[in-house]
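Structure record follows, encoded as structure tokens.
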Amino acid sequence: MDSYFFLGAQLPHLNYEQGMPMSSADFIALVQNKMSSKDSSIFKYCTLNPCSVPDSDSGKTAKKIKSDFIKRWNEWEESLRLNLASGRAKKLKRQDAAALPSGTNEDAAVVAKHALSLESPLEAEMFLDKARWNAIDNLKGMSIFSESAMYAYFLKLLLMERRACFNTEEGFAEYKRLYAAILADAGTGEAK
């Protein structure tokens with residue numbers, strides 16, 4: 001475990017409700033030459049979607065990841081996604097809902113259940129991202145100068161970039177368009 005005291009000390013504090021002090025790409029450019037090549041190679045596994053990591057066969061990928069923090073993060077996020085998929089299937093009364101696997105992380109299961117109870121899709125997405133932020137903090141631990149702290153910082157920047165993409169007006173307009181199309185299809189009995 002390397003100590004990145006000087007690197008960690010120069011990074012601006014991240015607050016979920018505030019704007020980004022830098023992009024994730026700028027962060028990678030900043031840390032690339034300041035971290036060991038072994039530690040900086042782990043950034044390719046730092047993602048908000050654990051299914052998108054290189055060689056996403058989970059058994060092969062888990063062996064390649066040399067960071068306990070990233071392994072725990074990927075397990076938490078995968079558990080969240082499985083619980084969301086299972087909960088959505090049950091909500092839609094799909095026949096295969098009982099056969100869908102659920103994630104094993106209890107915290108992720110509680111987060112998924114609460115998110116599924118929210119009426120507003122935007123509110124649910126914001127709740128999920130705030131829960132992800134908190135999970136990153138909990139999984140990272142106390143050290144702000146470790147490689148895990150650098151990975152956590154990067155993941156938080158990714159969450160901030162994701163949140164910056166949310167546009168309430170466009171999202172609501174799309175929601176109304178889709179809802180009208182569903183009502184039209186229901187009235188005619190046709191599926192598109």
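Each chain in the structure tokens gets a letter, A, B and so on, in the order shown; residues start at 1 in every chain, and ligands are counted from 1 in the order they appear.
The protein and nucleic acid residues lying at most 12 Å from A:Arg81 are Leu48, Asn49, Pro50, Cys51, Asn74, Glu75, Trp76, Ser86, Gly87, Arg88, Leu100, Pro101, Ser102, Gly103, Thr104, Asn105, Ala108, Ala109, Val110, Val111, Ala112, Lys113, Ala115, Leu116, Leu128 and Arg132 of chain A, with only C-alpha atoms considered and sequence neighbours fewer than 5 positions away removed.
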DSSP alpha helix (DSSP H) residues within chain A, listed as a count of residues only
120
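Nearest to A:Arg162 of all the residues A:Ala99, A:Ala85, A:Gly19, A:Ala180 is A:Gly19, counting only C-alpha atoms.
Using only C-alpha atoms, the contacts of A:Leu155 at a cut-off of 8 Å, with sequence neighbours closer than 4 positions omitted, comprise Cys46, Thr47, Leu48, Ile136, Tyr151 and Leu159 of chain A.
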Restricted to N, CA and C atoms, what would the selected residues look like written as a short mmCIF file (atom, residue, chain, number, x, y, z; two decimals), in the first residue's frame?
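Listed below is the output, out-v2.cif:
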data_model
loop_
_atom_site.label_atom_id
_atom_site.label_comp_id
_atom_site.auth_asym_id
_atom_site.auth_seq_id
_atom_site.Cartn_x
_atom_site.Cartn_y
_atom_site.Cartn_z
N CYS A 46 -12.03 1.15 -12.16
CA CYS A 46 -12.84 2.11 -11.40
C CYS A 46 -13.96 2.60 -12.30
N THR A 47 -15.13 2.08 -12.09
CA THR A 47 -16.26 2.42 -12.94
C THR A 47 -17.55 2.40 -12.12
N LEU A 48 -18.54 3.10 -12.62
CA LEU A 48 -19.85 3.06 -11.98
C LEU A 48 -20.64 1.84 -12.42
N ILE A 136 -19.15 4.59 -1.27
CA ILE A 136 -17.73 4.82 -1.58
C ILE A 136 -17.00 5.27 -0.33
N TYR A 151 -8.77 6.14 -5.76
CA TYR A 151 -9.82 5.47 -6.54
C TYR A 151 -11.20 6.00 -6.14
N LEU A 159 -19.43 10.19 -10.43
CA LEU A 159 -20.81 10.44 -9.97
C LEU A 159 -21.20 11.90 -10.21
#
